[in-house]
Amino acid sequence: MNELAEVKRRLSAIERAPAPVNTFDRYPAVEWAAQGRPAVGGNIWSSVSIANATGLTFDRVECKFITDFLYTGKREAEVRLAAFRHTGKAEREIVSASAVLNLTGLTERRIGSVVMRWVHGIPYGWDYADDTTIYTIELQHRYKVGPEPYDSDAHTVDVFAFYKGSNKAGPPTGGPMDMANNAGYQTMVLPDSRPNVSAGWVTIPRIVGEQELYGSYSLSAMQYCVGLPAERIPEASAKGWAWIRNSGASWGRDPDITEPYFSV
């Protein structure tokens, strides 16, 4: 009797279960803030973020990420989506890739956003039958232009300053003294006349942020990677489709899984 009651309870729970409103696969990523991305491994493809897409229900995905510090002619990015097959030996093999999306930025700093839609080509995705293989979809980047070299003259300034020899010591005694070549202008405390005081040139950063002046662009991880049916994202293709805000953009090279990528 107890077993029959348990079966009835389970049947009743199934009947009361709500029908799903949306049918799709969602693979969220953790990072969202745009992070500076240096060139890696001789500027080969390097993954910004990764979504475990094992057992995808659909053959097409959408993902979104944001950009920052993209400057036309100075710091420009190439991005693509790529699918990988992983084995139990911590190795991965590229399965497919989208075409290359060129992000050329603007002449002024703007926070940009990019949506990409792609038919991923994972062989066992929506008809999953492999019990031992894991698949991921990764957002990858490499530099089209840049990164800008560091120029110390442009990004720092030298000032002549006094400093205390010990932070624990009190302030130096005595007032300012005349400079030999500047009589009447009491503007200098001579280090040899004031104990615990030294003077010299000090290099400090300019007030403007260094990433504004030089350096790397920033890309975020995918805000989401979601599998959707053709009815929801009909634009998706093996080459890829993209919507970009606050950055110049164009499609570059066709999909090519033979291009070198950072294999870690």
# chains A, B, ... in the order shown; residues from 1 in each chain; ligands from 1
$ select_by_dssp --residues "range 91-160 of chain A" --states "helix (DSSP H, G or I)" --output "ChimeraX atom specification"
/A:152-155
$ select_by_dssp --residues "range 18-143 of chain A" --states "strand (DSSP E)" --output "count of residues only"
62
$ residues_around --residues "Val264 in chain A" --least-positions-apart "4" --cutoff "12 Å" --atoms "only C-alpha atoms" --output "number ranges by chain"
A: 40-41, 45-47, 86, 90-93
$ write_last_selection --atoms "all heavy atoms" --output "compact mmCIF listing (two decimals), in the first residue's frame"
# COMPACT_ATOMS: atom_id res chain seq x y z
N VAL A 40 48.86 37.07 -26.72
CA VAL A 40 49.31 35.83 -26.11
C VAL A 40 49.98 34.95 -27.16
O VAL A 40 49.47 34.83 -28.27
CB VAL A 40 48.13 35.08 -25.46
CG1 VAL A 40 48.60 33.74 -24.88
CG2 VAL A 40 47.50 35.91 -24.36
N GLY A 41 51.11 34.34 -26.79
CA GLY A 41 51.74 33.34 -27.65
C GLY A 41 52.07 33.83 -29.03
O GLY A 41 51.84 33.12 -30.01
N TRP A 45 45.43 32.92 -31.55
CA TRP A 45 44.11 32.93 -30.93
C TRP A 45 44.20 32.51 -29.46
O TRP A 45 44.82 31.51 -29.13
CB TRP A 45 43.16 31.98 -31.66
CG TRP A 45 42.72 32.46 -33.00
CD1 TRP A 45 43.06 31.94 -34.21
CD2 TRP A 45 41.84 33.56 -33.27
NE1 TRP A 45 42.46 32.64 -35.22
CE2 TRP A 45 41.69 33.64 -34.68
CE3 TRP A 45 41.17 34.48 -32.48
CZ2 TRP A 45 40.91 34.61 -35.29
CZ3 TRP A 45 40.39 35.44 -33.09
CH2 TRP A 45 40.27 35.51 -34.46
N SER A 46 43.57 33.30 -28.59
CA SER A 46 43.56 33.01 -27.16
C SER A 46 42.13 33.13 -26.65
O SER A 46 41.41 34.06 -27.02
CB SER A 46 44.46 33.99 -26.41
OG SER A 46 44.41 33.78 -25.02
N SER A 47 41.71 32.20 -25.81
CA SER A 47 40.33 32.18 -25.34
C SER A 47 40.10 33.19 -24.23
O SER A 47 40.85 33.25 -23.25
CB SER A 47 39.96 30.77 -24.85
OG SER A 47 39.91 29.87 -25.93
N HIS A 86 37.05 17.95 -25.94
CA HIS A 86 38.00 17.70 -24.86
C HIS A 86 38.03 16.21 -24.52
O HIS A 86 36.99 15.55 -24.50
CB HIS A 86 37.60 18.49 -23.60
CG HIS A 86 37.60 19.97 -23.79
ND1 HIS A 86 38.53 20.79 -23.19
CD2 HIS A 86 36.79 20.78 -24.52
CE1 HIS A 86 38.28 22.05 -23.54
NE2 HIS A 86 37.24 22.06 -24.35
N ALA A 90 43.12 16.00 -20.55
CA ALA A 90 43.28 17.46 -20.48
C ALA A 90 43.79 18.02 -21.80
O ALA A 90 44.57 18.96 -21.83
CB ALA A 90 44.20 17.86 -19.33
N GLU A 91 43.37 17.42 -22.90
CA GLU A 91 43.70 17.90 -24.22
C GLU A 91 42.43 18.35 -24.93
O GLU A 91 41.34 17.88 -24.62
CB GLU A 91 44.38 16.79 -25.05
CG GLU A 91 45.68 16.29 -24.44
CD GLU A 91 46.19 15.06 -25.17
OE1 GLU A 91 45.38 14.41 -25.86
OE2 GLU A 91 47.39 14.75 -25.02
N ARG A 92 42.56 19.24 -25.88
CA ARG A 92 41.40 19.68 -26.63
C ARG A 92 41.75 19.79 -28.11
O ARG A 92 42.89 20.08 -28.48
CB ARG A 92 40.87 21.02 -26.11
CG ARG A 92 41.85 22.17 -26.24
CD ARG A 92 41.24 23.46 -25.75
NE ARG A 92 42.16 24.57 -26.00
CZ ARG A 92 41.78 25.83 -26.11
NH1 ARG A 92 40.51 26.14 -26.00
NH2 ARG A 92 42.65 26.78 -26.32
N GLU A 93 40.74 19.56 -28.92
CA GLU A 93 40.88 19.60 -30.37
C GLU A 93 39.79 20.49 -30.94
O GLU A 93 38.61 20.35 -30.59
CB GLU A 93 40.75 18.18 -30.94
CG GLU A 93 40.76 18.12 -32.45
CD GLU A 93 40.37 16.74 -32.97
OE1 GLU A 93 40.03 15.87 -32.14
OE2 GLU A 93 40.39 16.55 -34.20
$ residues_around --residues "Ala77 in chain A" --least-positions-apart "4" --cutoff "7 Å" --atoms "only C-alpha atoms" --output "list in words"
Asn102, Leu103, Thr104, His141, Arg142, Tyr143, Lys144 and Val145 of chain A
$ closest_residue --among "A:Leu139, A:Val159, A:Ile66, A:Val202" --to "Ala83 in chain A" --atoms "only C-alpha atoms"
A:Leu139
$ closest_residue --among "A:Arg85, A:His120, A:Arg75, A:Lys239" --to "Glu62 in chain A" --atoms "only C-alpha atoms"
A:His120
$ closest_residue --among "A:Cys225, A:Val79, A:Ser216, A:Gln140" --to "Val48 in chain A" --atoms "only C-alpha atoms"
A:Gln140
$ closest_residue --among "A:Ala39, A:Leu106, A:Ile111, A:Ala236" --to "Asp68 in chain A" --atoms "only C-alpha atoms"
A:Ile111
$ atom_distance --atom1 "CA of Asp256 in chain A" --atom2 "CA of Val61 in chain A"
18.8 Å
$ residues_around --residues "Ser98 in chain A" --least-positions-apart "2" --cutoff "6 Å" --atoms "only C-alpha atoms" --output "tab-separated table (two decimals) with N, CA and C atoms, in the first residue's frame"
chain	number	residue	atom	x	y	z
A	80	ARG	N	36.40	35.59	-32.58
A	80	ARG	CA	35.65	34.51	-33.21
A	80	ARG	C	35.12	33.59	-32.13
A	81	LEU	N	34.15	32.77	-32.48
A	81	LEU	CA	33.69	31.69	-31.63
A	81	LEU	C	34.28	30.39	-32.16
A	239	LYS	N	29.16	30.62	-40.75
A	239	LYS	CA	30.09	31.75	-40.78
A	239	LYS	C	29.88	32.65	-39.57
A	240	GLY	N	28.63	32.85	-39.19
A	240	GLY	CA	28.34	33.69	-38.04
A	240	GLY	C	27.60	34.96	-38.42
A	255	PRO	N	35.84	31.06	-41.84
A	255	PRO	CA	36.24	30.10	-40.79
A	255	PRO	C	37.44	29.27	-41.20
